[in-house]
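Just structure34.cif here, mmCIF, C-alpha atoms:
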data_start
loop_
_atom_site.label_atom_id
_atom_site.label_comp_id
_atom_site.auth_asym_id
_atom_site.auth_seq_id
_atom_site.Cartn_x
_atom_site.Cartn_y
_atom_site.Cartn_z
CA MET X 1 26.33 17.64 -5.59
CA LYS X 2 24.70 14.81 -7.52
CA ILE X 3 24.11 15.08 -11.27
CA ILE X 4 21.54 12.88 -12.99
CA THR X 5 20.66 12.72 -16.66
CA GLY X 6 17.73 11.45 -18.64
CA ASN X 7 17.82 10.13 -22.19
CA ALA X 8 17.24 13.45 -23.98
CA ASN X 9 20.87 14.60 -24.21
CA PRO X 10 23.37 12.40 -22.31
CA VAL X 11 26.37 13.79 -24.23
CA LEU X 12 25.74 17.30 -22.92
CA ALA X 13 25.13 15.91 -19.43
CA HIS X 14 28.53 14.16 -19.46
CA GLU X 15 30.23 17.42 -20.45
CA ILE X 16 28.45 19.30 -17.68
CA ALA X 17 29.43 16.68 -15.10
CA GLU X 18 33.03 16.77 -16.31
CA HIS X 19 33.18 20.54 -15.78
CA CYS X 20 31.85 20.05 -12.23
CA PHE X 21 34.38 17.26 -11.53
CA ALA X 22 31.47 14.96 -10.78
CA ALA X 23 30.31 11.59 -12.04
CA LEU X 24 26.78 11.06 -13.27
CA VAL X 25 24.61 9.09 -10.88
CA PRO X 26 24.05 5.64 -12.42
CA THR X 27 20.38 5.45 -13.33
CA ASN X 28 18.19 2.71 -14.69
CA ILE X 29 15.55 4.21 -16.99
CA SER X 30 13.35 1.57 -18.55
CA THR X 31 10.09 1.39 -20.44
CA PHE X 32 7.31 -1.09 -19.85
CA ALA X 33 5.62 -2.84 -22.76
CA ASP X 34 2.75 -0.35 -22.71
CA GLY X 35 5.10 2.65 -22.88
CA GLU X 36 5.22 3.58 -19.17
CA THR X 37 8.57 4.95 -17.95
CA SER X 38 10.28 3.56 -14.88
CA VAL X 39 13.25 5.21 -13.11
CA GLU X 40 15.63 3.87 -10.45
CA PHE X 41 18.72 5.64 -9.08
CA LEU X 42 21.49 3.15 -8.36
CA GLU X 43 23.24 5.41 -5.84
CA ASN X 44 22.24 7.02 -2.55
CA ILE X 45 21.16 10.69 -2.96
CA ARG X 46 19.68 11.29 0.52
CA GLY X 47 20.40 14.83 1.69
CA GLU X 48 22.20 15.74 -1.55
CA ASP X 49 21.95 18.78 -3.84
CA VAL X 50 20.56 17.07 -6.94
CA PHE X 51 20.65 18.39 -10.52
CA ILE X 52 18.53 16.56 -13.09
CA ILE X 53 19.53 17.34 -16.69
CA GLN X 54 16.85 16.84 -19.32
CA SER X 55 15.87 18.89 -22.36
CA THR X 56 12.20 18.48 -23.23
CA ALA X 57 12.94 17.99 -26.91
CA THR X 58 11.67 15.45 -29.45
CA PRO X 59 9.95 13.25 -28.41
CA VAL X 60 8.70 16.14 -26.26
CA ASN X 61 6.06 14.35 -24.22
CA ASP X 62 8.28 11.35 -23.47
CA SER X 63 11.16 13.64 -22.42
CA LEU X 64 8.89 15.73 -20.21
CA MET X 65 7.33 12.71 -18.53
CA GLU X 66 10.76 11.19 -17.95
CA LEU X 67 11.87 14.44 -16.29
CA LEU X 68 8.82 14.55 -14.03
CA ILE X 69 9.34 10.93 -12.96
CA MET X 70 13.04 11.57 -12.20
CA ILE X 71 12.11 14.60 -10.08
CA ASP X 72 9.54 12.56 -8.16
CA ALA X 73 12.05 9.72 -7.67
CA ALA X 74 14.63 12.20 -6.30
CA ARG X 75 12.06 13.74 -3.93
CA ARG X 76 11.06 10.32 -2.63
CA SER X 77 14.77 9.48 -2.23
CA SER X 78 15.07 12.38 0.28
CA ALA X 79 17.19 14.71 -1.85
CA LYS X 80 17.87 17.99 -0.04
CA ARG X 81 17.24 20.19 -3.09
CA ILE X 82 16.22 19.30 -6.64
CA THR X 83 17.18 21.53 -9.55
CA ALA X 84 15.66 20.70 -12.93
CA VAL X 85 18.27 21.62 -15.53
CA ILE X 86 16.29 22.07 -18.76
CA PRO X 87 18.60 23.40 -21.51
CA TYR X 88 15.64 23.52 -23.91
CA PHE X 89 12.27 24.21 -22.30
CA GLY X 90 9.61 22.66 -24.51
CA TYR X 91 6.09 24.09 -24.81
CA ALA X 92 7.56 27.58 -24.26
CA ARG X 93 5.93 28.85 -27.45
CA GLN X 94 2.51 28.23 -25.90
CA ASP X 95 2.95 31.04 -23.37
CA ARG X 96 -0.37 32.84 -23.90
CA LYS X 97 -3.86 32.31 -25.30
CA SER X 98 -3.33 32.84 -29.03
CA ALA X 99 -7.00 32.16 -29.83
CA SER X 100 -10.26 31.41 -28.08
CA ARG X 101 -10.51 28.16 -26.11
CA THR X 102 -6.77 27.39 -26.21
CA PRO X 103 -4.47 26.43 -23.32
CA ILE X 104 -1.44 28.18 -21.87
CA THR X 105 0.66 25.04 -21.90
CA ALA X 106 3.88 26.66 -20.69
CA LYS X 107 2.10 27.45 -17.42
CA LEU X 108 0.76 23.88 -17.23
CA VAL X 109 4.31 22.51 -17.61
CA ALA X 110 5.53 24.91 -14.91
CA ASN X 111 2.82 23.61 -12.56
CA LEU X 112 3.76 20.02 -13.32
CA LEU X 113 7.44 20.59 -12.55
CA VAL X 114 6.71 22.31 -9.24
CA THR X 115 4.13 19.69 -8.23
CA ALA X 116 6.57 16.88 -9.06
CA GLY X 117 9.00 18.37 -6.54
CA ALA X 118 11.45 20.68 -8.35
CA ASP X 119 12.92 23.36 -6.06
CA ARG X 120 14.68 25.34 -8.78
CA ILE X 121 14.78 25.59 -12.58
CA LEU X 122 17.92 26.18 -14.64
CA THR X 123 17.26 26.77 -18.32
CA MET X 124 18.53 28.79 -21.28
CA ASP X 125 17.01 31.38 -23.62
CA LEU X 126 13.35 30.91 -22.76
CA HIS X 127 11.17 31.74 -25.73
CA ALA X 128 9.38 34.32 -23.59
CA GLY X 129 10.96 35.85 -20.50
CA GLN X 130 7.64 36.06 -18.68
CA ILE X 131 7.60 32.26 -18.37
CA GLN X 132 9.88 32.77 -15.35
CA GLY X 133 6.81 34.27 -13.66
CA PHE X 134 4.84 31.06 -14.27
CA PHE X 135 6.92 29.41 -11.54
CA ASP X 136 6.68 29.96 -7.78
CA ILE X 137 10.28 28.73 -7.41
CA PRO X 138 13.57 30.38 -8.51
CA VAL X 139 14.32 30.26 -12.24
CA ASP X 140 17.76 30.96 -13.73
CA ASP X 141 17.43 31.76 -17.43
CA LEU X 142 20.93 31.56 -18.94
CA THR X 143 21.84 33.09 -22.29
CA SER X 144 23.86 31.60 -25.13
CA ARG X 145 24.98 35.08 -26.15
CA ILE X 146 28.43 34.77 -24.57
CA VAL X 147 29.10 31.41 -26.25
CA PHE X 148 27.88 32.73 -29.61
CA ALA X 149 29.89 35.96 -29.31
CA LYS X 150 33.12 34.00 -28.97
CA ASP X 151 32.25 31.91 -32.03
CA ILE X 152 31.32 35.00 -34.08
CA LYS X 153 34.65 36.65 -33.27
CA ARG X 154 36.53 33.52 -34.23
CA SER X 155 34.63 32.63 -37.40
CA MET X 156 34.37 36.15 -38.78
CA ASP X 157 37.73 37.35 -37.42
CA ILE X 158 36.10 40.59 -36.32
CA GLU X 159 38.83 41.69 -33.91
CA SER X 160 41.58 41.60 -36.53
CA ASP X 161 39.56 43.19 -39.34
CA THR X 162 38.13 46.58 -38.44
CA GLU X 163 36.63 46.90 -41.92
CA ILE X 164 34.00 44.25 -41.27
CA SER X 165 30.60 45.93 -40.84
CA THR X 166 28.02 43.74 -39.15
CA VAL X 167 24.29 44.04 -38.68
CA PHE X 168 22.37 41.81 -36.30
CA VAL X 169 18.94 40.90 -37.56
CA SER X 170 15.92 39.81 -35.54
CA PRO X 171 13.58 37.55 -37.55
CA ASP X 172 10.58 39.14 -35.79
CA ALA X 173 9.68 42.08 -33.59
CA GLY X 174 9.83 39.94 -30.44
CA GLY X 175 13.57 39.36 -30.78
CA VAL X 176 14.65 43.00 -31.04
CA VAL X 177 16.09 43.07 -27.51
CA ARG X 178 18.24 40.02 -28.30
CA ALA X 179 19.55 41.60 -31.51
CA ARG X 180 20.28 44.87 -29.69
CA LYS X 181 22.36 43.07 -27.05
CA PHE X 182 24.44 41.39 -29.74
CA ALA X 183 24.85 44.69 -31.59
CA ASN X 184 26.04 46.42 -28.41
CA MET X 185 28.71 43.76 -27.92
CA PHE X 186 30.12 44.27 -31.42
CA GLY X 187 29.28 47.91 -32.08
CA GLY X 188 27.03 46.85 -34.95
CA ASP X 189 23.60 47.88 -36.17
CA ILE X 190 20.28 46.06 -35.96
CA ALA X 191 17.55 45.25 -38.44
CA ILE X 192 14.14 43.61 -38.10
CA VAL X 193 12.28 41.27 -40.41
CA ASP X 194 8.60 42.14 -40.61
CA LYS X 195 6.70 38.92 -41.25
CA ARG X 196 3.22 37.47 -40.98
CA ARG X 197 1.99 33.95 -40.36
CA PRO X 198 -0.91 32.94 -42.62
CA GLU X 199 -1.06 29.67 -40.67
CA ALA X 200 0.88 27.77 -38.01
CA GLY X 201 4.32 26.67 -39.18
CA LYS X 202 4.38 29.01 -42.19
CA SER X 203 5.56 32.60 -42.50
CA GLU X 204 5.86 35.28 -45.15
CA VAL X 205 8.39 38.13 -45.10
CA MET X 206 6.65 41.44 -45.68
CA ASN X 207 9.36 44.06 -45.10
CA LEU X 208 12.92 44.49 -43.84
CA ILE X 209 13.32 47.32 -41.37
CA GLY X 210 16.87 48.64 -41.20
CA ASP X 211 19.91 48.97 -43.45
CA VAL X 212 21.78 45.79 -44.38
CA GLU X 213 23.30 46.87 -47.71
CA GLY X 214 27.03 46.21 -47.93
CA LYS X 215 27.12 44.56 -44.51
CA HIS X 216 27.53 41.05 -43.15
CA ALA X 217 24.19 40.09 -41.59
CA ILE X 218 23.84 37.79 -38.60
CA LEU X 219 20.37 36.47 -37.77
CA VAL X 220 19.88 35.80 -34.06
CA ASP X 221 16.95 33.94 -32.52
CA ASP X 222 16.10 31.44 -29.79
CA ILE X 223 14.46 28.58 -31.75
CA ILE X 224 14.62 27.16 -35.25
CA ASP X 225 11.93 24.57 -35.88
CA SER X 226 10.85 23.96 -39.49
CA GLY X 227 13.40 26.45 -40.86
CA GLY X 228 10.97 28.22 -43.19
CA THR X 229 11.02 31.57 -41.38
CA LEU X 230 14.81 31.61 -41.19
CA CYS X 231 15.39 30.76 -44.85
CA ASN X 232 12.81 33.32 -46.04
CA ALA X 233 14.39 35.98 -43.84
CA ALA X 234 17.88 35.16 -45.15
CA LYS X 235 16.66 35.50 -48.74
CA ALA X 236 15.09 38.89 -48.00
CA ILE X 237 18.31 40.10 -46.39
CA ILE X 238 20.43 39.10 -49.39
CA ASN X 239 17.91 40.72 -51.74
CA ALA X 240 18.32 43.92 -49.71
CA GLY X 241 22.03 44.01 -50.52
CA ALA X 242 23.75 42.24 -47.65
CA LEU X 243 27.19 40.78 -48.43
CA SER X 244 26.46 37.58 -46.52
CA VAL X 245 24.04 36.17 -43.99
CA ARG X 246 24.53 33.55 -41.30
CA ALA X 247 22.39 32.56 -38.33
CA TYR X 248 23.07 31.97 -34.64
CA ILE X 249 20.08 30.30 -33.03
CA THR X 250 20.09 28.78 -29.54
CA HIS X 251 17.81 25.76 -29.84
CA GLY X 252 17.99 23.63 -32.97
CA VAL X 253 14.65 21.81 -32.92
CA LEU X 254 15.08 21.25 -36.69
CA SER X 255 11.94 19.23 -37.31
CA GLY X 256 11.06 17.62 -40.63
CA GLU X 257 13.31 18.74 -43.50
CA ALA X 258 14.65 21.85 -41.74
CA CYS X 259 18.29 20.88 -42.27
CA GLN X 260 17.71 20.33 -45.99
CA LYS X 261 16.04 23.74 -46.25
CA VAL X 262 19.08 25.37 -44.67
CA GLU X 263 21.37 23.54 -47.11
CA LYS X 264 19.45 24.90 -50.07
CA SER X 265 19.14 28.43 -48.66
CA VAL X 266 21.39 31.47 -49.11
CA LEU X 267 22.64 31.09 -45.54
CA GLU X 268 26.40 30.69 -45.25
CA GLU X 269 25.95 28.66 -42.09
CA LEU X 270 23.58 27.95 -39.22
CA VAL X 271 25.09 27.70 -35.75
CA VAL X 272 23.04 26.19 -32.91
CA THR X 273 23.91 25.03 -29.41
CA ASP X 274 23.86 21.43 -28.21
CA SER X 275 20.91 22.12 -25.90
CA ILE X 276 19.16 19.63 -28.17
CA ILE X 277 20.95 16.59 -29.54
CA ASN X 278 22.07 17.03 -33.16
CA ARG X 279 19.35 15.77 -35.51
CA CYS X 280 20.83 16.81 -38.85
CA PRO X 281 21.92 14.18 -41.40
CA LYS X 282 25.67 13.95 -41.96
CA ASN X 283 25.37 15.44 -45.43
CA CYS X 284 24.16 18.75 -43.96
CA LYS X 285 27.34 20.82 -44.05
CA LYS X 286 25.94 24.26 -43.27
CA THR X 287 24.67 23.41 -39.78
CA ARG X 288 27.02 23.03 -36.84
CA GLN X 289 26.77 22.98 -33.06
CA VAL X 290 28.64 24.82 -30.32
CA SER X 291 28.68 23.44 -26.80
CA VAL X 292 27.05 25.03 -23.77
CA GLY X 293 28.31 22.31 -21.44
CA LYS X 294 30.82 24.57 -19.67
CA LEU X 295 28.21 27.31 -19.32
CA PHE X 296 25.76 24.97 -17.60
CA GLY X 297 28.53 23.29 -15.62
CA GLU X 298 29.73 26.62 -14.23
CA SER X 299 26.15 27.67 -13.46
CA ILE X 300 25.52 24.43 -11.58
CA ARG X 301 28.75 24.88 -9.63
CA ARG X 302 27.68 28.40 -8.65
CA VAL X 303 24.18 27.30 -7.65
CA THR X 304 25.45 24.55 -5.37
CA ASN X 305 28.03 26.93 -3.83
CA GLU X 306 25.37 29.67 -3.39
CA GLU X 307 27.28 32.05 -5.69
CA SER X 308 25.88 34.55 -8.20
CA VAL X 309 24.89 33.15 -11.60
CA SER X 310 24.12 36.53 -13.20
CA THR X 311 27.76 37.66 -12.94
CA LEU X 312 28.57 35.05 -15.59
CA PHE X 313 27.09 37.46 -18.11
CA GLY X 314 28.60 40.68 -16.83
#
Structure rendered as structure tokens:
Amino acid sequence: MKIITGNANPVLAHEIAEHCFAALVPTNISTFADGETSVEFLENIRGEDVFIIQSTATPVNDSLMELLIMIDAARRSSAKRITAVIPYFGYARQDRKSASRTPITAKLVANLLVTAGADRILTMDLHAGQIQGFFDIPVDDLTSRIVFAKDIKRSMDIESDTEISTVFVSPDAGGVVRARKFANMFGGDIAIVDKRRPEAGKSEVMNLIGDVEGKHAILVDDIIDSGGTLCNAAKAIINAGALSVRAYITHGVLSGEACQKVEKSVLEELVVTDSIINRCPKNCKKTRQVSVGKLFGESIRRVTNEESVSTLFG
């Protein structure tokens, strides 16, 4: 096994390598004066099972190009198998034609990764499950649900207090399955926020479907970007009589002033994974990260040993 990391999230990569009892392959990633990326592996990887760790997060295009170049370098270095480990898969929200004369960019990215030489994809909480079908190679789509469930039990002390009544809220209709899975784990209820988007990047809450009165609400989703949808949903939930509301969201893109919006919102806290490097200013106290390093490390270990990955999640 050889583990390689790009510049997107080296801290997570080190944690993954530590779990696998492996050292990261020393790599020289440089940029020419015109912005071109150059990659050189400083260790022999011929005939090895190679895992390249790179989230395609901000700057998205630079991170994606760096990943493609690393895959090509590994292929030309005669690696036996190349697994692209992409904790956060960028462009996943462009998974269909949303209007006339628009691209399906998630499919384009899938084509690029396969053409570059990837033999397998390991990612987490894809925005749309059907993106797995965009690839003609195996795709393992991990879930942060297990990591979040442990944190929810610890932070809300659910096991020791049987009086706590929880409701898991999906911020849109597309996340109902995710909310249901959380609810099944805790024996809670679900609710759905009915919203509309007057334009890209903005949303308006129309209705709240489900009973949240007198309960502790937990919003669950895969991506938080600008934060507007989440904060509006939290306000609607509190207005409907919830005792408290917090959010567990896998990928903290947190663009612009998202962290500041969360600070000013009625949310008690926002918990995200470290699939994307922490971008919040230090004065943002409501946002914190939980690590998925062990989850990815164990998945990588199972892939290289040809063991089942799905059994990780029961």
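Comparing X:Ala23, X:Val290, X:Thr143, X:Ala242 by their smallest distance to X:Ala191, the closest is X:Ala242 (using all atoms listed in the file).
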Sorted per-residue table, stretch 99-167 of chain X near stretch 49-63 of chain X, closest atoms and distance, 10 Å, all atoms listed in the file, as CSV:
residue,atom,partner,partner_atom,distance
X:Ala118,CA,X:Ile52,CA,9.5
X:Asp119,CA,X:Val50,CA,9.9
X:Arg120,CA,X:Phe51,CA,9.3
X:Ile121,CA,X:Phe51,CA,9.5
X:Leu122,CA,X:Ile53,CA,9.2
X:Thr123,CA,X:Ser55,CA,9.0
Care to translate the PyMOL selection byres ((chain X and resi 39) around 8) into actual residues of this file, as an MDAnalysis selection string?
chainID X and resid 27:30 37:38 40:41 69:70 73
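The two atoms in question, atom CA of X:Ala247 and atom CA of X:Val271, are spaced 6.1 Å apart.
Atom CA of X:Asn278 sits 18.9 Å away from atom CA of X:Val220.
Going from atom CA of X:Ile146 to atom CA of X:Ala110 covers 26.7 Å.
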X:Val169: which residues within 10 Å, counting all atoms listed in the file, same-chain residues fewer than 3 positions away excluded, as a tab-separated table (two decimals) with C-alpha atoms, in the frame of the given file?
chain	number	residue	atom	x	y	z
X	166	THR	CA	28.02	43.74	-39.15
X	172	ASP	CA	10.58	39.14	-35.79
X	175	GLY	CA	13.57	39.36	-30.78
X	176	VAL	CA	14.65	43.00	-31.04
X	178	ARG	CA	18.24	40.02	-28.30
X	179	ALA	CA	19.55	41.60	-31.51
X	180	ARG	CA	20.28	44.87	-29.69
X	182	PHE	CA	24.44	41.39	-29.74
X	183	ALA	CA	24.85	44.69	-31.59
X	189	ASP	CA	23.60	47.88	-36.17
X	190	ILE	CA	20.28	46.06	-35.96
X	191	ALA	CA	17.55	45.25	-38.44
X	192	ILE	CA	14.14	43.61	-38.10
X	193	VAL	CA	12.28	41.27	-40.41
X	208	LEU	CA	12.92	44.49	-43.84
X	209	ILE	CA	13.32	47.32	-41.37
X	210	GLY	CA	16.87	48.64	-41.20
X	212	VAL	CA	21.78	45.79	-44.38
X	217	ALA	CA	24.19	40.09	-41.59
X	218	ILE	CA	23.84	37.79	-38.60
X	219	LEU	CA	20.37	36.47	-37.77
X	220	VAL	CA	19.88	35.80	-34.06
X	221	ASP	CA	16.95	33.94	-32.52
X	233	ALA	CA	14.39	35.98	-43.84
X	234	ALA	CA	17.88	35.16	-45.15
X	237	ILE	CA	18.31	40.10	-46.39
X	245	VAL	CA	24.04	36.17	-43.99
X	246	ARG	CA	24.53	33.55	-41.30
X	247	ALA	CA	22.39	32.56	-38.33
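Minimum atom-to-atom distance to X:Arg145, evaluated using all atoms listed in the file, belongs to X:Ile249 out of X:Ile249, X:Cys231, X:Ala240, X:Val303.
Here the residues that fall within 10 Å of (11.9, 19.4, -41.0), using all atoms listed in the file, are given as Asp225, Ser226, Gly227, Gly228, Val253, Leu254, Ser255, Gly256, Glu257, Ala258, Cys259, Gln260, Lys261, Arg279 and Cys280 of chain X.
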Please write the residues picked by the PyMOL selection byres ((chain X and resi 91) around 9) on this file as number ranges by chain.
X: 56, 60, 89-90, 92-95, 105-106, 109
Please evaluate the PyMOL selection byres ((chain X and resi 305-312) around 10) against the displayed coordinates and give the resulting residues as a list of chain:residue names.
X:Met1, X:Asp140, X:Asp141, X:Leu142, X:Thr143, X:Ile146, X:Leu295, X:Glu298, X:Ser299, X:Ile300, X:Arg301, X:Arg302, X:Val303, X:Thr304, X:Phe313, X:Gly314
I need the residue nearest X:Ala79 from this list: X:Val114, X:Cys20, X:Leu126, X:Ile45. Use all atoms listed in the file for the distance.
X:Ile45
